[in-house]
Structure formats: structure tokens, C-alpha cells
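Colleague: Next comes upload14.txt, compact mmCIF, C-alpha atoms:
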# COMPACT_ATOMS: atom_id res chain seq x y z
CA ILE L 1 -5.51 1.31 23.91
CA VAL L 2 -8.68 -0.60 23.12
CA GLU L 3 -10.83 2.50 23.56
CA ILE L 4 -8.63 4.39 21.12
CA LEU L 5 -8.83 1.60 18.57
CA TYR L 6 -12.61 1.53 18.83
CA GLU L 7 -12.75 5.29 18.53
CA TYR L 8 -10.81 5.26 15.26
CA TRP L 9 -12.25 2.04 13.88
CA HIS L 10 -14.03 4.00 11.17
CA VAL L 11 -10.70 4.52 9.37
CA PHE L 12 -10.84 0.82 8.40
CA LYS L 13 -14.22 1.17 6.77
CA ASP L 14 -12.85 1.33 3.24
CA TYR L 15 -11.14 -2.01 3.82
CA TRP L 16 -14.12 -3.99 5.13
CA GLN L 17 -16.51 -2.47 2.59
CA ILE L 18 -14.23 -2.99 -0.39
CA SER L 19 -15.89 -4.85 -3.21
CA SER L 20 -14.38 -8.12 -4.36
CA ASP L 21 -15.09 -6.93 -7.90
CA ASN L 22 -12.54 -4.14 -7.44
CA SER L 23 -9.87 -6.18 -5.77
CA SER L 24 -8.11 -9.50 -6.13
CA SER L 25 -9.86 -12.26 -4.14
CA LEU L 26 -6.69 -12.67 -2.04
CA SER L 27 -6.44 -9.06 -0.90
CA TYR L 28 -10.23 -8.95 -0.44
CA LEU L 29 -10.05 -11.81 2.05
CA ASP L 30 -6.73 -10.67 3.54
CA ASN L 31 -8.22 -7.31 4.50
CA LYS L 32 -11.03 -9.03 6.34
CA LEU L 33 -8.70 -11.47 8.09
CA ILE L 34 -6.45 -8.67 9.30
CA LEU L 35 -9.39 -6.74 10.70
CA ILE L 36 -11.01 -9.74 12.38
CA ASN L 37 -7.64 -10.67 13.93
CA LEU L 38 -7.27 -7.11 15.21
CA LEU L 39 -10.76 -7.19 16.70
CA THR L 40 -10.06 -10.55 18.32
CA LYS L 41 -6.93 -9.20 20.00
CA THR L 42 -8.69 -6.09 21.29
CA ILE L 43 -11.40 -8.21 22.90
CA LEU L 44 -8.82 -10.59 24.36
CA ILE L 45 -6.94 -7.67 25.89
CA GLU L 46 -10.05 -6.08 27.37
CA SER L 47 -12.63 -8.84 27.22
CA VAL L 48 -14.95 -7.48 29.91
CA GLN L 49 -14.74 -3.98 28.52
CA GLY L 50 -15.29 -5.26 25.03
CA THR L 51 -18.37 -7.23 26.02
CA SER L 52 -19.98 -4.52 28.12
CA ASN L 53 -19.27 -1.78 25.61
CA ILE L 54 -20.54 -3.68 22.61
CA ASN L 55 -23.73 -4.61 24.44
CA ALA L 56 -24.46 -1.39 26.29
CA LYS L 57 -22.54 1.73 25.29
CA LYS L 58 -24.22 3.23 22.26
CA SER L 59 -21.39 5.11 20.70
CA ASN L 60 -20.54 5.82 17.07
CA ALA L 61 -17.16 4.18 17.57
CA LEU L 62 -18.65 0.86 18.66
CA LYS L 63 -21.33 1.05 16.01
CA ASN L 64 -18.54 0.93 13.45
CA VAL L 65 -17.13 -2.19 15.12
CA ALA L 66 -20.54 -3.84 15.20
CA GLU L 67 -21.23 -2.80 11.59
CA MET L 68 -18.01 -4.41 10.44
CA TYR L 69 -18.79 -7.66 12.24
CA MET L 70 -22.31 -7.85 10.82
CA ASN L 71 -20.91 -7.11 7.37
CA PHE L 72 -18.52 -10.04 7.69
CA LEU L 73 -21.22 -12.33 9.07
CA SER L 74 -23.63 -11.72 6.21
CA ASP L 75 -21.11 -11.35 3.36
CA ARG L 76 -22.09 -13.80 0.62
CA LYS L 77 -18.67 -13.61 -1.05
CA THR L 78 -16.78 -15.35 1.76
CA LYS L 79 -16.59 -19.11 2.21
CA LEU L 80 -17.41 -21.35 5.16
CA ASN L 81 -13.85 -21.40 6.51
CA PHE L 82 -13.90 -17.62 6.94
CA LYS L 83 -17.40 -17.74 8.46
CA SER L 84 -16.10 -20.29 10.95
CA LYS L 85 -13.33 -17.92 12.00
CA ILE L 86 -15.56 -14.91 12.63
CA LEU L 87 -17.98 -17.01 14.69
CA ASP L 88 -15.34 -17.11 17.43
CA LEU L 89 -16.53 -13.60 18.32
CA LEU L 90 -20.26 -14.14 17.87
CA TYR L 91 -20.95 -14.21 21.61
CA PHE L 92 -19.81 -10.60 22.00
CA PHE L 93 -22.40 -9.40 19.48
CA CYS L 94 -25.41 -11.63 20.22
CA ASP L 95 -27.26 -9.07 22.32
CA SER L 96 -25.81 -5.90 20.89
CA PRO L 97 -28.30 -2.99 20.86
CA LEU L 98 -26.02 -1.23 18.38
CA TYR L 99 -26.83 -3.65 15.58
CA PRO L 100 -29.66 -6.12 16.32
CA ILE L 101 -28.22 -9.37 15.05
CA LYS L 102 -31.37 -11.27 14.08
CA SER L 103 -31.51 -10.23 10.42
CA TYR L 104 -27.77 -10.83 9.98
CA LEU L 105 -28.04 -14.30 11.50
CA ASN L 106 -30.91 -15.10 9.16
CA GLU L 107 -28.84 -13.92 6.19
CA PHE L 108 -25.90 -15.98 7.41
CA MET L 109 -28.11 -19.05 7.76
CA THR L 110 -29.20 -18.86 4.10
CA GLN L 111 -25.56 -19.30 3.07
CA LEU L 112 -25.23 -22.70 4.74
CA PRO L 113 -25.97 -25.98 2.92
CA LEU L 114 -29.64 -26.92 3.21
CA LYS L 115 -28.86 -30.48 4.27
CA SER L 116 -25.81 -31.65 6.18
CA LYS L 117 -26.09 -35.04 4.49
CA ASP L 118 -25.24 -33.34 1.18
CA LEU L 119 -21.69 -32.80 2.46
CA VAL L 120 -19.03 -35.49 2.14
CA LYS L 121 -17.54 -36.48 5.48
CA GLY L 122 -13.85 -35.62 5.67
CA HIS L 123 -13.95 -32.93 2.98
CA ASP L 124 -13.08 -29.34 3.82
CA ASP L 125 -16.64 -28.10 3.39
CA TYR L 126 -17.91 -30.78 5.76
CA ASN L 127 -15.29 -29.94 8.40
CA ASP L 128 -15.96 -26.20 8.09
CA TYR L 129 -19.71 -26.80 8.38
CA VAL L 130 -19.34 -28.92 11.52
CA ASN L 131 -17.04 -26.29 13.05
CA ILE L 132 -19.64 -23.61 12.31
CA ILE L 133 -22.39 -25.60 14.05
CA ARG L 134 -20.16 -26.21 17.06
CA LYS L 135 -19.27 -22.53 17.35
CA LEU L 136 -22.91 -21.53 17.06
CA LEU L 137 -23.67 -23.91 19.94
CA ILE L 138 -20.87 -22.47 22.06
CA SER L 139 -22.16 -18.94 21.46
CA LEU L 140 -25.69 -20.09 22.29
CA GLU L 141 -24.64 -21.47 25.66
CA LEU L 142 -22.61 -18.37 26.51
CA SER L 143 -25.13 -15.77 25.37
CA LEU L 144 -28.46 -17.61 25.92
CA SER L 145 -29.66 -15.69 22.87
CA ILE L 146 -33.16 -16.62 21.68
CA ASP L 147 -32.44 -15.25 18.20
CA LEU L 148 -29.42 -17.54 17.93
CA LEU L 149 -31.46 -20.48 19.23
CA ASN L 150 -34.04 -19.91 16.49
CA VAL L 151 -31.33 -19.95 13.83
CA ILE L 152 -29.82 -23.19 15.12
CA VAL L 153 -33.25 -24.84 15.36
CA THR L 154 -33.99 -23.85 11.77
CA ILE L 155 -30.69 -25.34 10.61
CA VAL L 156 -30.86 -28.68 12.42
CA CYS L 157 -34.60 -29.25 11.91
CA ARG L 158 -34.39 -29.06 8.14
CA GLU L 159 -33.61 -32.78 8.20
CA SER L 160 -34.51 -35.73 10.40
CA GLU L 161 -30.90 -36.74 10.98
CA HIS L 162 -28.36 -33.93 11.20
CA VAL L 163 -24.64 -34.71 11.45
CA CYS L 164 -24.43 -32.76 14.73
CA ASP L 165 -27.65 -33.99 16.34
CA GLU L 166 -25.96 -35.41 19.43
CA GLU L 167 -23.96 -32.25 20.11
CA VAL L 168 -27.02 -30.10 19.46
CA ASN L 169 -29.07 -32.15 21.93
CA GLN L 170 -26.51 -31.74 24.72
CA SER L 171 -26.16 -28.03 24.00
CA PHE L 172 -29.94 -27.51 24.06
CA ILE L 173 -30.09 -29.25 27.43
CA ARG L 174 -27.43 -26.96 28.88
CA PHE L 175 -29.18 -23.97 27.32
CA ILE L 176 -32.62 -24.60 28.84
CA VAL L 177 -31.15 -25.49 32.24
CA ARG L 178 -29.23 -22.21 32.38
CA LEU L 179 -32.11 -20.09 31.13
CA GLU L 180 -34.03 -18.00 33.64
CA SER L 181 -37.32 -19.48 34.80
CA ASN L 182 -39.63 -17.03 33.04
CA LYS L 183 -37.60 -17.29 29.84
CA GLN L 184 -37.91 -21.07 29.93
CA THR L 185 -41.68 -20.63 29.82
CA ASN L 186 -41.48 -18.11 26.98
CA VAL L 187 -39.22 -20.30 24.85
CA ILE L 188 -41.25 -23.46 25.37
CA ASN L 189 -44.56 -21.69 24.70
CA SER L 190 -43.16 -20.07 21.57
CA TYR L 191 -42.16 -23.39 20.00
CA TRP L 192 -45.25 -25.19 21.26
CA ASP L 193 -47.62 -22.51 19.94
CA ASN L 194 -45.93 -22.73 16.56
CA TRP L 195 -46.28 -26.52 16.62
CA PHE L 196 -49.87 -26.35 17.87
CA LYS L 197 -50.96 -23.94 15.14
CA SER L 198 -49.00 -25.61 12.36
CA ASN L 199 -50.87 -26.86 9.30
CA SER L 200 -50.25 -27.18 5.59
CA SER L 201 -50.62 -23.43 5.04
CA SER L 202 -48.50 -22.27 7.97
CA GLY L 203 -45.16 -22.73 6.27
CA LEU L 204 -44.16 -25.42 8.79
CA ASN L 205 -44.06 -28.65 6.80
CA GLU L 206 -44.76 -32.01 8.41
CA GLU L 207 -41.16 -33.21 8.52
CA ARG L 208 -39.88 -30.02 10.11
CA LYS L 209 -42.84 -29.92 12.49
CA PHE L 210 -42.00 -33.30 14.00
CA ASN L 211 -38.27 -32.64 13.91
CA ILE L 212 -38.89 -29.56 16.07
CA PHE L 213 -40.96 -31.62 18.48
CA ARG L 214 -38.34 -34.36 18.79
CA LYS L 215 -35.24 -32.17 18.87
CA VAL L 216 -36.52 -29.10 20.72
CA ILE L 217 -39.91 -29.22 22.43
CA ILE L 218 -39.65 -32.58 24.20
CA VAL L 219 -36.03 -31.84 25.21
CA PHE L 220 -36.97 -28.49 26.74
CA LEU L 221 -39.99 -29.98 28.51
CA GLU L 222 -37.88 -32.73 30.01
CA LYS L 223 -35.10 -30.45 31.27
CA CYS L 224 -36.92 -27.25 32.25
CA GLU L 225 -37.72 -26.45 35.87
CA LYS L 226 -40.51 -28.61 37.30
CA PRO L 227 -42.84 -25.64 38.04
CA ARG L 228 -42.50 -24.53 34.42
CA PHE L 229 -43.39 -28.03 33.26
CA LEU L 230 -46.42 -28.06 35.57
CA ASP L 231 -47.57 -24.75 34.10
CA PHE L 232 -47.27 -26.17 30.61
CA MET L 233 -49.28 -29.29 31.48
CA CYS L 234 -52.02 -27.28 33.18
CA GLU L 235 -52.43 -25.16 30.06
CA ASN L 236 -52.31 -28.00 27.55
CA ILE L 237 -53.58 -31.22 29.15
CA ILE L 238 -57.08 -30.87 27.65
CA TYR L 239 -55.64 -30.38 24.17
CA LEU L 240 -53.28 -33.35 24.55
CA VAL L 241 -56.11 -35.67 25.61
CA LYS L 242 -58.23 -34.38 22.73
CA ILE L 243 -55.48 -35.33 20.26
CA LEU L 244 -55.38 -38.87 21.66
CA GLU L 245 -59.17 -39.25 21.48
CA GLU L 246 -59.51 -38.03 17.89
CA ASP L 247 -60.38 -40.64 15.27
CA LEU L 248 -57.78 -41.32 12.62
CA LYS L 249 -58.79 -40.09 9.20
CA GLU L 250 -57.59 -41.82 6.08
CA SER L 251 -56.90 -38.51 4.34
CA ASN L 252 -54.21 -37.54 6.85
CA ILE L 253 -53.56 -40.72 8.77
CA GLU L 254 -49.80 -40.28 8.90
CA SER L 255 -49.96 -36.76 10.30
CA SER L 256 -52.68 -37.69 12.80
CA SER L 257 -50.69 -40.68 13.97
CA MET L 258 -47.62 -38.53 14.53
CA ASN L 259 -49.69 -35.98 16.46
CA LYS L 260 -50.94 -38.76 18.72
CA LYS L 261 -47.42 -40.04 19.20
CA CYS L 262 -46.22 -36.58 20.24
CA ALA L 263 -49.11 -36.13 22.65
CA PHE L 264 -48.44 -39.53 24.15
CA GLU L 265 -44.74 -38.71 24.60
CA ILE L 266 -45.62 -35.56 26.54
CA LEU L 267 -48.08 -37.45 28.78
CA ARG L 268 -45.52 -40.17 29.37
CA LEU L 269 -42.98 -37.48 30.29
CA ALA L 270 -45.53 -35.96 32.68
CA TYR L 271 -45.92 -39.30 34.44
CA LYS L 272 -42.15 -39.61 34.67
CA ARG L 273 -41.59 -36.09 36.01
CA LEU L 274 -44.58 -35.83 38.33
CA TYR L 275 -44.73 -39.28 39.91
As C-alpha cells, what does this structure read like?

Modeller:
Amino acid sequence: IVEILYEYWHVFKDYWQISSDNSSSLSYLDNKLILINLLTKTILIESVQGTSNINAKKSNALKNVAEMYMNFLSDRKTKLNFKSKILDLLYFFCDSPLYPIKSYLNEFMTQLPLKSKDLVKGHDDYNDYVNIIRKLLISLELSLSIDLLNVIVTIVCRESEHVCDEEVNQSFIRFIVRLESNKQTNVINSYWDNWFKSNSSSGLNEERKFNIFRKVIIVFLEKCEKPRFLDFMCENIIYLVKILEEDLKESNIESSSMNKKCAFEILRLAYKRLY
């Protein structure tokens, strides 16, 4: 039954591509809800088949399914409560070769509030936003998707204190622990290289730079496999010591002080993990 539905999924195309300008807002959203509910039920009926097909079998039928999902994910006309609903299925599409999800996730991210503190606790928008973050974290832990990790990091590191910081921290710990050894190294090096090379012209501002260190880099270094941590220290110990030995300059004393603090935290972690 599921295979047949996937095969004829293209017949629904007019409904998920319908413009809200040519339809009442109610029927526009209703069409999408009906289709997402149908997709949810097909995956629940044949969850293994659904996952393996969407990620491996490059067929026109499943491309239509993936296209619909990406359309819903990036649609700027839908509100946060609808986005929260479709994120229940995000895991099944995270590593789809049919429709690489990175660009759609980036588009989705631009539709979220820039700062969580701008939302009023208890209001619908606040609750929908928190639900979205939680569902992104669940999908991250299930899929171990690096693209999804990058989106979440961008969201939570926009501000020093995010409303979901504690949940994000625990999810990041579970993520790095479950990640394969070589991928741990790749992820850590990617964020560290970005931090290492960051300057005023890199697009990584000072606040976000140190948020990434505190919320991502130091967490991953603390929880990754010990051999991976040893590799990191061997590659970077000279640079870390150099940061600590540099003289503070009045022109950028705050940034230099924070760099020294970060270097010291890594060396303190090394003492803790290695002795």
C-alpha cells in the first residue's frame, strides 16, 4: 500500500504547490495538513521501508515525496505551529540523497525569531518555538546529521543565553558520544578551525565566536573519545600556549582576554581528562 501511495504521490502536487494567493488561508493550510498527516501514516505503517527508501532508493516517486516535504519545510507562508508539526518527520529526510536538505534547513532557519528572548514565555509563539527546538534536537540525535547540527548551532549561538540552552547541552553531549570516532574528529576540527580563523572580517562576530566555544567546542572536547581528544591536543597545544603567552593589547583587550580564557579552559580540561 505504501509503495503504491509513493508511486502516485505526484497526483497531490497541485495541492502542495497551490499558492495562498489563489486560495483561502484555511484551505491552503488544510491541504498541507492533510498531506503531512497522510505521509506520517505511511511512514508509521512501513517505517523501515519509508526510511530506507527515502534515503537510498532514487526513484521519481520518492522524489515527489521528498520535494513536498522540503516545500513544506521552507514555505514562508506557514507559521511556527505548522513548522513544528512537520518536524516530526525530519529524521526521515535528514540524509536523503533525493533532495539534499542543507539549503532547505537554512531557509527554514531564517524564518525563526533571531533571539529567543524576544518571545514572551507562555505565549503561543514561545511554545511553538520551544517545541521546534526540541524536535530539531530529537532529529539530531536520531540522524546524527552534521547539516542539522550546524543549523541548531547557528540558532542557539545567536545569543549568550538561549531559552533551551540546558536541553541543547544535553542533546549535544548525546550527539557527540554516539558519533563515530572519525566523525567526532571532523566535527570538532570544523568548529575549532572556524573559531581559530575567526576575526572581524570573517563574519563570525565576537559574541557568537565565544558562544560557539562555550556551547559547542568545549562540550565536544569534554565528551568525545579520549584518543580523539589526544589528537586535538597534539595538533593545537603550541597554539594554545601561544595564546596564553601573548601580551594583552589595549585596542582589543576584551577579545584577547576571552581568547586566553578559552585556551585556559581547554588546558584545564586536558589536565582533567589526561591525569

Colleague: Using only C-alpha atoms, can you tell me which of L:Leu267, L:Cys164, L:Ile217, L:Ile132 comes closest to L:Val241?

Modeller: L:Leu267

Colleague: Can you work out which one of L:Asp118, L:Glu107, L:Glu222, L:Glu141 has the shortest atom-to-atom distance to L:Lys272, counting only C-alpha atoms?

Modeller: L:Glu222

Colleague: In the coordinate frame of the file, compute which residues have an atom within 12 Å of (-42.5, -41.1, 15.6) when using only C-alpha atoms, and state them as a PyMOL selection string.

Modeller: chain L and resi 160+206-207+209-211+213-215+254-265

Colleague: Produce a table with one row for each residue of stretch 148-225 of chain L that has an atom at most 12 Å from any atom of stretch 230-234 of chain L, each row naming the nearest atom pair and its distance in Å at one decimal; use all atoms listed in the file; arrange rows by chain and rising residue number; format as JSON lines.

Modeller:
{"residue": "L:Ser181", "atom": "CA", "partner": "L:Asp231", "partner_atom": "CA", "distance": 11.5}
{"residue": "L:Asn182", "atom": "CA", "partner": "L:Asp231", "partner_atom": "CA", "distance": 11.1}
{"residue": "L:Gln184", "atom": "CA", "partner": "L:Phe232", "partner_atom": "CA", "distance": 10.7}
{"residue": "L:Thr185", "atom": "CA", "partner": "L:Phe232", "partner_atom": "CA", "distance": 7.9}
{"residue": "L:Asn186", "atom": "CA", "partner": "L:Phe232", "partner_atom": "CA", "distance": 10.6}
{"residue": "L:Val187", "atom": "CA", "partner": "L:Phe232", "partner_atom": "CA", "distance": 11.5}
{"residue": "L:Ile188", "atom": "CA", "partner": "L:Phe232", "partner_atom": "CA", "distance": 8.4}
{"residue": "L:Asn189", "atom": "CA", "partner": "L:Phe232", "partner_atom": "CA", "distance": 7.9}
{"residue": "L:Ser190", "atom": "CA", "partner": "L:Phe232", "partner_atom": "CA", "distance": 11.7}
{"residue": "L:Trp192", "atom": "CA", "partner": "L:Phe232", "partner_atom": "CA", "distance": 9.6}
{"residue": "L:Asp193", "atom": "CA", "partner": "L:Phe232", "partner_atom": "CA", "distance": 11.3}
{"residue": "L:Ile217", "atom": "CA", "partner": "L:Phe232", "partner_atom": "CA", "distance": 11.4}
{"residue": "L:Ile218", "atom": "CA", "partner": "L:Phe232", "partner_atom": "CA", "distance": 11.8}
{"residue": "L:Phe220", "atom": "CA", "partner": "L:Phe232", "partner_atom": "CA", "distance": 11.2}
{"residue": "L:Leu221", "atom": "CA", "partner": "L:Phe232", "partner_atom": "CA", "distance": 8.5}
{"residue": "L:Glu222", "atom": "CA", "partner": "L:Leu230", "partner_atom": "CA", "distance": 11.2}
{"residue": "L:Cys224", "atom": "CA", "partner": "L:Leu230", "partner_atom": "CA", "distance": 10.1}
{"residue": "L:Glu225", "atom": "CA", "partner": "L:Leu230", "partner_atom": "CA", "distance": 8.9}

Colleague: To one decimal place, how far is atom CA of L:Gln17 from atom CA of L:Asn71 in Å?

Modeller: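 If I compute the distance from atom CA of L:Gln17 to atom CA of L:Asn71, I get 8.0 Å.
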
Colleague: For a quick check of understanding, using all atoms listed in the file, which of L:Glu235, L:Asp125, L:Glu3, L:Glu245 has the smallest distance to L:Leu80?

Modeller: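 Looking only at the distances to L:Leu80, the closest residue turns out to be L:Asp125.
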
Colleague: Give me, please, the distance in Å between atom CA of L:Phe93 and atom CA of L:Leu5, quoted to one decimal.

Modeller: 17.5 Å

Colleague: Could you check how far atom CA of L:Arg268 sits from atom CA of L:Glu161, in Å to one decimal?

Modeller: 23.7 Å

Colleague: Pick out the residues sitting within 8 Å of L:Val2, and hand them over as a PyMOL selection string; count all atoms listed in the file, and ignore anything fewer than 2 positions along from it in its own chain.

Modeller: chain L and resi 4-6+42+45-46

Colleague: Give me the residues within 12 Å of L:Arg158 as a ChimeraX atom specification, counting only C-alpha atoms and dropping any in the same chain fewer than 5 places off.

Modeller: /L:109,112-117,151-153,163,165,204-212,215

Colleague: Return the single residue from L:Leu248, L:Leu149, L:Ile43, L:Ile34 that is closest to L:Ile1, with distances computed using only C-alpha atoms.

Modeller: L:Ile43

Colleague: Is it possible to get the residues within 7 Å of (-24.4, -21.8, 27.7) (coordinates as in the file, counting only C-alpha atoms) written as a list in words?

Modeller: Ile138, Leu140, Glu141, Leu142, Ser143, Leu144, Arg174, Phe175 and Arg178 of chain L

Colleague: Save out the residues we just selected, C-alpha atoms, as a CSV table (one decimal), in the frame of the given file.

Modeller:
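Dumped to result33.csv:
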chain,number,residue,atom,x,y,z
L,138,ILE,CA,-20.9,-22.5,22.1
L,140,LEU,CA,-25.7,-20.1,22.3
L,141,GLU,CA,-24.6,-21.5,25.7
L,142,LEU,CA,-22.6,-18.4,26.5
L,143,SER,CA,-25.1,-15.8,25.4
L,144,LEU,CA,-28.5,-17.6,25.9
L,174,ARG,CA,-27.4,-27.0,28.9
L,175,PHE,CA,-29.2,-24.0,27.3
L,178,ARG,CA,-29.2,-22.2,32.4

Colleague: Determine the nearest neighbour of L:Tyr129 from the options L:Ser103, L:Asn252, L:Asn81, L:Ser96, counting all atoms listed in the file.

Modeller: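 Selected residue with least distance to L:Tyr129: L:Asn81.
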
Colleague: Here is a test: counting all atoms listed in the file, which residue of L:Asn31, L:Met70, L:Thr78, L:Arg273 is nearest to L:Asn106?

Modeller: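 Ranking L:Asn31, L:Met70, L:Thr78, L:Arg273 by distance to L:Asn106, first place goes to L:Met70.
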
Colleague: For stretch 59-73 of chain L, where the input has fewer atoms than it should, I would like N, CA, C and O atoms rebuilt and written as a CSV table (one decimal), in the coordinates of the input.

Modeller:
chain,number,residue,atom,x,y,z
L,59,SER,N,-22.3,4.1,21.2
L,59,SER,CA,-21.4,5.1,20.7
L,59,SER,C,-21.2,4.9,19.2
L,59,SER,O,-21.3,3.8,18.7
L,60,ASN,N,-20.8,5.9,18.5
L,60,ASN,CA,-20.5,5.8,17.1
L,60,ASN,C,-19.3,4.9,16.8
L,60,ASN,O,-19.3,4.2,15.8
L,61,ALA,N,-18.4,5.0,17.7
L,61,ALA,CA,-17.2,4.2,17.6
L,61,ALA,C,-17.5,2.7,17.6
L,61,ALA,O,-17.1,1.9,16.7
L,62,LEU,N,-18.3,2.3,18.6
L,62,LEU,CA,-18.6,0.9,18.7
L,62,LEU,C,-19.7,0.4,17.6
L,62,LEU,O,-19.7,-0.7,17.3
L,63,LYS,N,-20.4,1.4,17.1
L,63,LYS,CA,-21.3,1.0,16.0
L,63,LYS,C,-20.5,0.6,14.8
L,63,LYS,O,-20.9,-0.2,14.0
L,64,ASN,N,-19.4,1.3,14.6
L,64,ASN,CA,-18.5,0.9,13.4
L,64,ASN,C,-18.0,-0.5,13.6
L,64,ASN,O,-17.9,-1.2,12.7
L,65,VAL,N,-17.6,-0.8,14.9
L,65,VAL,CA,-17.1,-2.2,15.1
L,65,VAL,C,-18.2,-3.2,14.9
L,65,VAL,O,-18.0,-4.2,14.2
L,66,ALA,N,-19.4,-2.9,15.4
L,66,ALA,CA,-20.5,-3.8,15.2
L,66,ALA,C,-20.9,-3.9,13.7
L,66,ALA,O,-21.2,-5.0,13.2
L,67,GLU,N,-20.9,-2.8,13.0
L,67,GLU,CA,-21.2,-2.8,11.6
L,67,GLU,C,-20.3,-3.7,10.8
L,67,GLU,O,-20.7,-4.4,9.9
L,68,MET,N,-19.0,-3.6,11.1
L,68,MET,CA,-18.0,-4.4,10.4
L,68,MET,C,-18.3,-5.9,10.7
L,68,MET,O,-18.3,-6.7,9.7
L,69,TYR,N,-18.6,-6.2,11.9
L,69,TYR,CA,-18.8,-7.7,12.2
L,69,TYR,C,-20.0,-8.2,11.5
L,69,TYR,O,-20.0,-9.3,10.9
L,70,MET,N,-21.1,-7.4,11.5
L,70,MET,CA,-22.3,-7.8,10.8
L,70,MET,C,-22.1,-8.0,9.3
L,70,MET,O,-22.6,-8.8,8.7
L,71,ASN,N,-21.3,-7.1,8.8
L,71,ASN,CA,-20.9,-7.1,7.4
L,71,ASN,C,-20.2,-8.4,7.0
L,71,ASN,O,-20.5,-9.1,6.1
L,72,PHE,N,-19.3,-8.8,7.9
L,72,PHE,CA,-18.5,-10.0,7.7
L,72,PHE,C,-19.4,-11.3,7.8
L,72,PHE,O,-19.3,-12.2,7.1
L,73,LEU,N,-20.3,-11.2,8.8
L,73,LEU,CA,-21.2,-12.3,9.1
L,73,LEU,C,-22.2,-12.6,7.9
L,73,LEU,O,-22.4,-13.8,7.6
